[in-house]
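Enquirer: data08.cif is reproduced in full below (mmCIF, N, CA and C atoms).
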data_target
#
loop_
_atom_site.group_PDB
_atom_site.id
_atom_site.type_symbol
_atom_site.label_atom_id
_atom_site.label_comp_id
_atom_site.auth_asym_id
_atom_site.auth_seq_id
_atom_site.Cartn_x
_atom_site.Cartn_y
_atom_site.Cartn_z
ATOM 1 N N MET A 25 142.872 -176.121 57.015
ATOM 2 C CA MET A 25 143.057 -174.727 57.356
ATOM 3 C C MET A 25 144.339 -174.227 56.673
ATOM 4 N N ALA A 26 144.238 -173.064 56.025
ATOM 5 C CA ALA A 26 145.378 -172.505 55.294
ATOM 6 C C ALA A 26 146.413 -171.943 56.271
ATOM 7 N N MET A 27 147.660 -172.107 55.903
ATOM 8 C CA MET A 27 148.752 -171.588 56.717
ATOM 9 C C MET A 27 148.779 -170.065 56.601
ATOM 10 N N GLN A 28 148.942 -169.386 57.726
ATOM 11 C CA GLN A 28 149.019 -167.931 57.727
ATOM 12 C C GLN A 28 150.391 -167.506 58.236
ATOM 13 N N ASN A 29 150.949 -166.505 57.604
ATOM 14 C CA ASN A 29 152.244 -165.982 58.030
ATOM 15 C C ASN A 29 152.052 -164.959 59.138
ATOM 16 N N LEU A 30 153.014 -164.936 60.040
ATOM 17 C CA LEU A 30 152.991 -163.977 61.136
ATOM 18 C C LEU A 30 154.131 -162.989 60.955
ATOM 19 N N LEU A 31 153.843 -161.737 61.297
ATOM 20 C CA LEU A 31 154.846 -160.681 61.192
ATOM 21 C C LEU A 31 155.191 -160.163 62.577
ATOM 22 N N ARG A 32 156.465 -160.067 62.863
ATOM 23 C CA ARG A 32 156.900 -159.443 64.111
ATOM 24 C C ARG A 32 156.945 -157.931 63.896
ATOM 25 N N LEU A 33 157.060 -157.187 64.975
ATOM 26 C CA LEU A 33 156.955 -155.738 64.937
ATOM 27 C C LEU A 33 157.859 -155.056 63.894
ATOM 28 N N PRO A 34 159.143 -155.412 63.778
ATOM 29 C CA PRO A 34 159.974 -154.718 62.774
ATOM 30 C C PRO A 34 159.413 -154.821 61.349
ATOM 31 N N LYS A 35 158.833 -155.964 61.014
ATOM 32 C CA LYS A 35 158.257 -156.121 59.668
ATOM 33 C C LYS A 35 156.966 -155.329 59.524
ATOM 34 N N VAL A 36 156.179 -155.230 60.600
ATOM 35 C CA VAL A 36 154.960 -154.422 60.567
ATOM 36 C C VAL A 36 155.348 -152.944 60.405
ATOM 37 N N GLU A 37 156.376 -152.523 61.122
ATOM 38 C CA GLU A 37 156.857 -151.146 60.985
ATOM 39 C C GLU A 37 157.305 -150.877 59.546
ATOM 40 N N ALA A 38 158.049 -151.797 58.967
ATOM 41 C CA ALA A 38 158.537 -151.627 57.599
ATOM 42 C C ALA A 38 157.387 -151.598 56.593
ATOM 43 N N ALA A 39 156.389 -152.442 56.801
ATOM 44 C CA ALA A 39 155.269 -152.522 55.872
ATOM 45 C C ALA A 39 154.377 -151.294 55.923
ATOM 46 N N THR A 40 154.204 -150.723 57.111
ATOM 47 C CA THR A 40 153.278 -149.602 57.278
ATOM 48 C C THR A 40 153.950 -148.241 57.234
ATOM 49 N N GLY A 41 155.232 -148.194 57.536
ATOM 50 C CA GLY A 41 155.922 -146.916 57.643
ATOM 51 C C GLY A 41 155.715 -146.251 58.997
ATOM 52 N N TYR A 42 155.005 -146.927 59.890
ATOM 53 C CA TYR A 42 154.761 -146.406 61.237
ATOM 54 C C TYR A 42 155.749 -147.024 62.221
ATOM 55 N N LYS A 43 156.017 -146.296 63.285
ATOM 56 C CA LYS A 43 156.833 -146.819 64.374
ATOM 57 C C LYS A 43 155.922 -147.431 65.438
ATOM 58 N N ARG A 44 156.549 -148.102 66.376
ATOM 59 C CA ARG A 44 155.856 -148.853 67.429
ATOM 60 C C ARG A 44 154.766 -148.039 68.126
ATOM 61 N N SER A 45 155.096 -146.827 68.555
ATOM 62 C CA SER A 45 154.140 -146.029 69.331
ATOM 63 C C SER A 45 152.878 -145.726 68.525
ATOM 64 N N THR A 46 153.033 -145.428 67.247
ATOM 65 C CA THR A 46 151.874 -145.137 66.399
ATOM 66 C C THR A 46 151.048 -146.392 66.163
ATOM 67 N N ILE A 47 151.709 -147.514 65.933
ATOM 68 C CA ILE A 47 150.996 -148.776 65.721
ATOM 69 C C ILE A 47 150.149 -149.116 66.942
ATOM 70 N N TYR A 48 150.733 -149.023 68.128
ATOM 71 C CA TYR A 48 149.983 -149.366 69.340
ATOM 72 C C TYR A 48 148.887 -148.345 69.645
ATOM 73 N N ARG A 49 149.089 -147.091 69.278
ATOM 74 C CA ARG A 49 148.024 -146.086 69.457
ATOM 75 C C ARG A 49 146.852 -146.416 68.538
ATOM 76 N N LEU A 50 147.152 -146.763 67.291
ATOM 77 C CA LEU A 50 146.086 -147.128 66.352
ATOM 78 C C LEU A 50 145.334 -148.376 66.816
ATOM 79 N N ILE A 51 146.041 -149.324 67.403
ATOM 80 C CA ILE A 51 145.384 -150.520 67.945
ATOM 81 C C ILE A 51 144.422 -150.111 69.048
ATOM 82 N N GLN A 52 144.864 -149.250 69.960
ATOM 83 C CA GLN A 52 144.002 -148.798 71.054
ATOM 84 C C GLN A 52 142.767 -148.081 70.529
ATOM 85 N N GLU A 53 142.918 -147.360 69.422
ATOM 86 C CA GLU A 53 141.798 -146.631 68.831
ATOM 87 C C GLU A 53 140.915 -147.524 67.964
ATOM 88 N N GLY A 54 141.283 -148.788 67.829
ATOM 89 C CA GLY A 54 140.519 -149.719 67.003
ATOM 90 C C GLY A 54 140.714 -149.500 65.516
ATOM 91 N N LYS A 55 141.841 -148.897 65.134
ATOM 92 C CA LYS A 55 142.093 -148.550 63.741
ATOM 93 C C LYS A 55 143.188 -149.386 63.086
ATOM 94 N N PHE A 56 143.696 -150.380 63.800
ATOM 95 C CA PHE A 56 144.746 -151.248 63.268
ATOM 96 C C PHE A 56 144.563 -152.622 63.882
ATOM 97 N N PRO A 57 144.847 -153.689 63.121
ATOM 98 C CA PRO A 57 144.681 -155.041 63.673
ATOM 99 C C PRO A 57 145.547 -155.271 64.912
ATOM 100 N N ALA A 58 144.992 -155.931 65.884
ATOM 101 C CA ALA A 58 145.725 -156.251 67.108
ATOM 102 C C ALA A 58 146.631 -157.456 66.871
ATOM 103 N N PRO A 59 147.745 -157.505 67.572
ATOM 104 C CA PRO A 59 148.622 -158.671 67.447
ATOM 105 C C PRO A 59 148.044 -159.861 68.208
ATOM 106 N N ILE A 60 148.593 -161.018 67.906
ATOM 107 C CA ILE A 60 148.233 -162.220 68.666
ATOM 108 C C ILE A 60 149.403 -162.560 69.573
ATOM 109 N N SER A 61 149.115 -163.209 70.672
ATOM 110 C CA SER A 61 150.156 -163.607 71.608
ATOM 111 C C SER A 61 150.831 -164.882 71.123
ATOM 112 N N LEU A 62 152.142 -164.882 71.182
ATOM 113 C CA LEU A 62 152.907 -166.084 70.846
ATOM 114 C C LEU A 62 153.405 -166.774 72.106
ATOM 115 N N GLY A 63 153.043 -166.212 73.250
ATOM 116 C CA GLY A 63 153.486 -166.759 74.525
ATOM 117 C C GLY A 63 154.537 -165.863 75.148
ATOM 118 N N GLY A 64 154.535 -165.809 76.446
ATOM 119 C CA GLY A 64 155.470 -164.923 77.124
ATOM 120 C C GLY A 64 155.186 -163.482 76.728
ATOM 121 N N ARG A 65 156.227 -162.765 76.364
ATOM 122 C CA ARG A 65 156.067 -161.368 75.948
ATOM 123 C C ARG A 65 156.089 -161.214 74.435
ATOM 124 N N ALA A 66 156.130 -162.331 73.708
ATOM 125 C CA ALA A 66 156.210 -162.280 72.250
ATOM 126 C C ALA A 66 154.829 -162.156 71.623
ATOM 127 N N SER A 67 154.743 -161.322 70.590
ATOM 128 C CA SER A 67 153.494 -161.183 69.846
ATOM 129 C C SER A 67 153.824 -160.975 68.376
ATOM 130 N N ALA A 68 152.819 -161.170 67.545
ATOM 131 C CA ALA A 68 152.989 -161.004 66.106
ATOM 132 C C ALA A 68 151.636 -160.663 65.487
ATOM 133 N N TRP A 69 151.689 -160.125 64.290
ATOM 134 C CA TRP A 69 150.483 -159.775 63.553
ATOM 135 C C TRP A 69 150.273 -160.774 62.435
ATOM 136 N N ILE A 70 149.021 -161.004 62.093
ATOM 137 C CA ILE A 70 148.690 -161.888 60.979
ATOM 138 C C ILE A 70 148.909 -161.087 59.694
ATOM 139 N N GLU A 71 149.771 -161.600 58.832
ATOM 140 C CA GLU A 71 150.167 -160.885 57.623
ATOM 141 C C GLU A 71 148.955 -160.474 56.781
ATOM 142 N N GLU A 72 147.996 -161.340 56.643
ATOM 143 C CA GLU A 72 146.805 -161.056 55.837
ATOM 144 C C GLU A 72 146.023 -159.857 56.390
ATOM 145 N N GLU A 73 145.925 -159.753 57.717
ATOM 146 C CA GLU A 73 145.203 -158.627 58.328
ATOM 147 C C GLU A 73 145.936 -157.312 58.100
ATOM 148 N N VAL A 74 147.254 -157.336 58.232
ATOM 149 C CA VAL A 74 148.047 -156.129 57.993
ATOM 150 C C VAL A 74 147.944 -155.740 56.519
ATOM 151 N N GLY A 75 148.018 -156.719 55.630
ATOM 152 C CA GLY A 75 147.889 -156.455 54.197
ATOM 153 C C GLY A 75 146.537 -155.853 53.845
ATOM 154 N N ALA A 76 145.472 -156.362 54.462
ATOM 155 C CA ALA A 76 144.127 -155.823 54.215
ATOM 156 C C ALA A 76 144.036 -154.390 54.712
ATOM 157 N N TRP A 77 144.655 -154.096 55.857
ATOM 158 C CA TRP A 77 144.663 -152.731 56.392
ATOM 159 C C TRP A 77 145.375 -151.789 55.422
ATOM 160 N N ILE A 78 146.509 -152.231 54.882
ATOM 161 C CA ILE A 78 147.259 -151.416 53.918
ATOM 162 C C ILE A 78 146.417 -151.187 52.662
ATOM 163 N N GLN A 79 145.797 -152.233 52.148
ATOM 164 C CA GLN A 79 144.969 -152.093 50.947
ATOM 165 C C GLN A 79 143.822 -151.106 51.173
ATOM 166 N N GLU A 80 143.245 -151.119 52.363
ATOM 167 C CA GLU A 80 142.169 -150.185 52.695
ATOM 168 C C GLU A 80 142.682 -148.749 52.707
ATOM 169 N N ARG A 81 143.889 -148.534 53.245
ATOM 170 C CA ARG A 81 144.467 -147.180 53.236
ATOM 171 C C ARG A 81 144.681 -146.715 51.808
ATOM 172 N N ILE A 82 145.161 -147.606 50.936
ATOM 173 C CA ILE A 82 145.372 -147.265 49.525
ATOM 174 C C ILE A 82 144.044 -146.905 48.876
ATOM 175 N N ARG A 83 143.015 -147.720 49.105
ATOM 176 C CA ARG A 83 141.704 -147.463 48.523
ATOM 177 C C ARG A 83 141.163 -146.116 48.980
ATOM 178 N N GLU A 84 141.246 -145.836 50.283
ATOM 179 C CA GLU A 84 140.758 -144.563 50.815
ATOM 180 C C GLU A 84 141.530 -143.391 50.217
ATOM 181 N N SER A 85 142.825 -143.549 50.050
ATOM 182 C CA SER A 85 143.653 -142.492 49.481
ATOM 183 C C SER A 85 143.264 -142.210 48.030
ATOM 184 N N ARG A 86 143.064 -143.268 47.275
ATOM 185 C CA ARG A 86 142.721 -143.118 45.853
ATOM 186 C C ARG A 86 141.325 -142.510 45.693
ATOM 187 N N GLU A 87 140.387 -142.917 46.524
ATOM 188 C CA GLU A 87 139.035 -142.359 46.455
ATOM 189 C C GLU A 87 139.053 -140.884 46.826
ATOM 190 N N GLY A 88 139.830 -140.524 47.837
ATOM 191 C CA GLY A 88 139.928 -139.122 48.256
ATOM 192 C C GLY A 88 140.561 -138.252 47.192
ATOM 193 N N ALA A 89 141.523 -138.810 46.446
ATOM 194 C CA ALA A 89 142.219 -138.055 45.393
ATOM 195 C C ALA A 89 141.316 -137.848 44.179
ATOM 196 N N ALA A 90 140.356 -138.748 43.984
ATOM 197 C CA ALA A 90 139.484 -138.674 42.811
ATOM 198 C C ALA A 90 138.386 -137.637 42.980
ATOM 199 N N GLN A 91 138.167 -137.181 44.194
ATOM 200 C CA GLN A 91 137.075 -136.229 44.429
ATOM 201 C C GLN A 91 137.496 -134.817 44.166
#
Go through the file and emit its structure as structure tokens.
Expert:
Amino acid sequence: MAMQNLLRLPKVEAATGYKRSTIYRLIQEGKFPAPISLGGRASAWIEEEVGAWIQERIRESREGAAQ
């Protein structure tokens, strides 16, 4: 099994440009990957899932601009 990197909230915020409240709203709406529990109150996102979400936003933006 390949090793996957985990991102804590500050890195997810930096990568997406969104703040905590927007990230959690998008998760509730099913529009952003949910974090995984690290135990206790700690959670993190799988870097690959966040990266795929970003790539999808880029693709949608580029397709919309081409029309």
Enquirer: Could you please determine the separation between atom C of A:Lys35 and atom N of A:Gly54 in Å, to one decimal place?
Expert: 18.9 Å
Enquirer: Which of these, A:Ile82, A:Ile70, A:Ala38, A:Leu31, has the shortest distance to A:Pro57 once you count only C-alpha atoms?
Expert: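 Under the stated criterion, the closest residue is A:Ile70.
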Enquirer: Quote the spacing between atom C of A:Arg81 and atom N of A:Arg32 in Å to one decimal place.
Expert: 21.0 Å
Enquirer: Evaluate the PyMOL selection byres ((chain A and resi 66-69) around 6) here and jot the selected residues down as a list in words.
Expert: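 Selected by the PyMOL selection byres ((chain A and resi 66-69) around 6) here: Asn29, Leu30, Leu31, Arg32, Leu33, Ala58, Pro59, Ile60, Ser61, Leu62, Gly63, Gly64, Arg65, Ile70 and Glu71 of chain A.
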Enquirer: One decimal, in Å: what's the spacing between atom N of A:Arg44 and atom CA of A:Met27?
Expert: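 Distance reported for this atom pair: 26.6 Å.
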Enquirer: Would you write out, as JSON, numbers by chain, every residue that the PyMOL selection byres (((chain A and resi 78 and name CA) around 12) and name CA) captures in this file?
Expert: {"A": [36, 37, 38, 39, 40, 41, 42, 55, 56, 57, 71, 72, 73, 74, 75, 76, 77, 79, 80, 81, 82, 83, 84, 85]}
Enquirer: Please return, as a list in words, all residues of chain A that DSSP assigns to strand (DSSP E) on the basis of the backbone.
Expert: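 Written out, the strand (DSSP E) residues of chain A are Leu30, Leu31, Ile60, Ser61, Leu62, Gly63, Ala66, Ser67, Ala68, Trp69 and Ile70 of chain A.
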Enquirer: For the residues selected in the previous step, produce a file with N, CA and C atoms as a PDB file, in the frame of the given file.
Expert:
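As written to disk, out_20.pdb reads:
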ATOM      1  N   LEU A  30     153.014-164.936  60.040  1.00  0.00           N
ATOM      2  CA  LEU A  30     152.991-163.977  61.136  1.00  0.00           C
ATOM      3  C   LEU A  30     154.131-162.989  60.955  1.00  0.00           C
ATOM      4  N   LEU A  31     153.843-161.737  61.297  1.00  0.00           N
ATOM      5  CA  LEU A  31     154.846-160.681  61.192  1.00  0.00           C
ATOM      6  C   LEU A  31     155.191-160.163  62.577  1.00  0.00           C
ATOM      7  N   ILE A  60     148.593-161.018  67.906  1.00  0.00           N
ATOM      8  CA  ILE A  60     148.233-162.220  68.666  1.00  0.00           C
ATOM      9  C   ILE A  60     149.403-162.560  69.573  1.00  0.00           C
ATOM     10  N   SER A  61     149.115-163.209  70.672  1.00  0.00           N
ATOM     11  CA  SER A  61     150.156-163.607  71.608  1.00  0.00           C
ATOM     12  C   SER A  61     150.831-164.882  71.123  1.00  0.00           C
ATOM     13  N   LEU A  62     152.142-164.882  71.182  1.00  0.00           N
ATOM     14  CA  LEU A  62     152.907-166.084  70.846  1.00  0.00           C
ATOM     15  C   LEU A  62     153.405-166.774  72.106  1.00  0.00           C
ATOM     16  N   GLY A  63     153.043-166.212  73.250  1.00  0.00           N
ATOM     17  CA  GLY A  63     153.486-166.759  74.525  1.00  0.00           C
ATOM     18  C   GLY A  63     154.537-165.863  75.148  1.00  0.00           C
ATOM     19  N   ALA A  66     156.130-162.331  73.708  1.00  0.00           N
ATOM     20  CA  ALA A  66     156.210-162.280  72.250  1.00  0.00           C
ATOM     21  C   ALA A  66     154.829-162.156  71.623  1.00  0.00           C
ATOM     22  N   SER A  67     154.743-161.322  70.590  1.00  0.00           N
ATOM     23  CA  SER A  67     153.494-161.183  69.846  1.00  0.00           C
ATOM     24  C   SER A  67     153.824-160.975  68.376  1.00  0.00           C
ATOM     25  N   ALA A  68     152.819-161.170  67.545  1.00  0.00           N
ATOM     26  CA  ALA A  68     152.989-161.004  66.106  1.00  0.00           C
ATOM     27  C   ALA A  68     151.636-160.663  65.487  1.00  0.00           C
ATOM     28  N   TRP A  69     151.689-160.125  64.290  1.00  0.00           N
ATOM     29  CA  TRP A  69     150.483-159.775  63.553  1.00  0.00           C
ATOM     30  C   TRP A  69     150.273-160.774  62.435  1.00  0.00           C
ATOM     31  N   ILE A  70     149.021-161.004  62.093  1.00  0.00           N
ATOM     32  CA  ILE A  70     148.690-161.888  60.979  1.00  0.00           C
ATOM     33  C   ILE A  70     148.909-161.087  59.694  1.00  0.00           C
TER      34      ILE A  70
END
Enquirer: Just asking: which residues within chain A are alpha helix (DSSP H) according to DSSP, as a PyMOL selection string?
Expert: chain A and resi 33-40+44-52+71-90
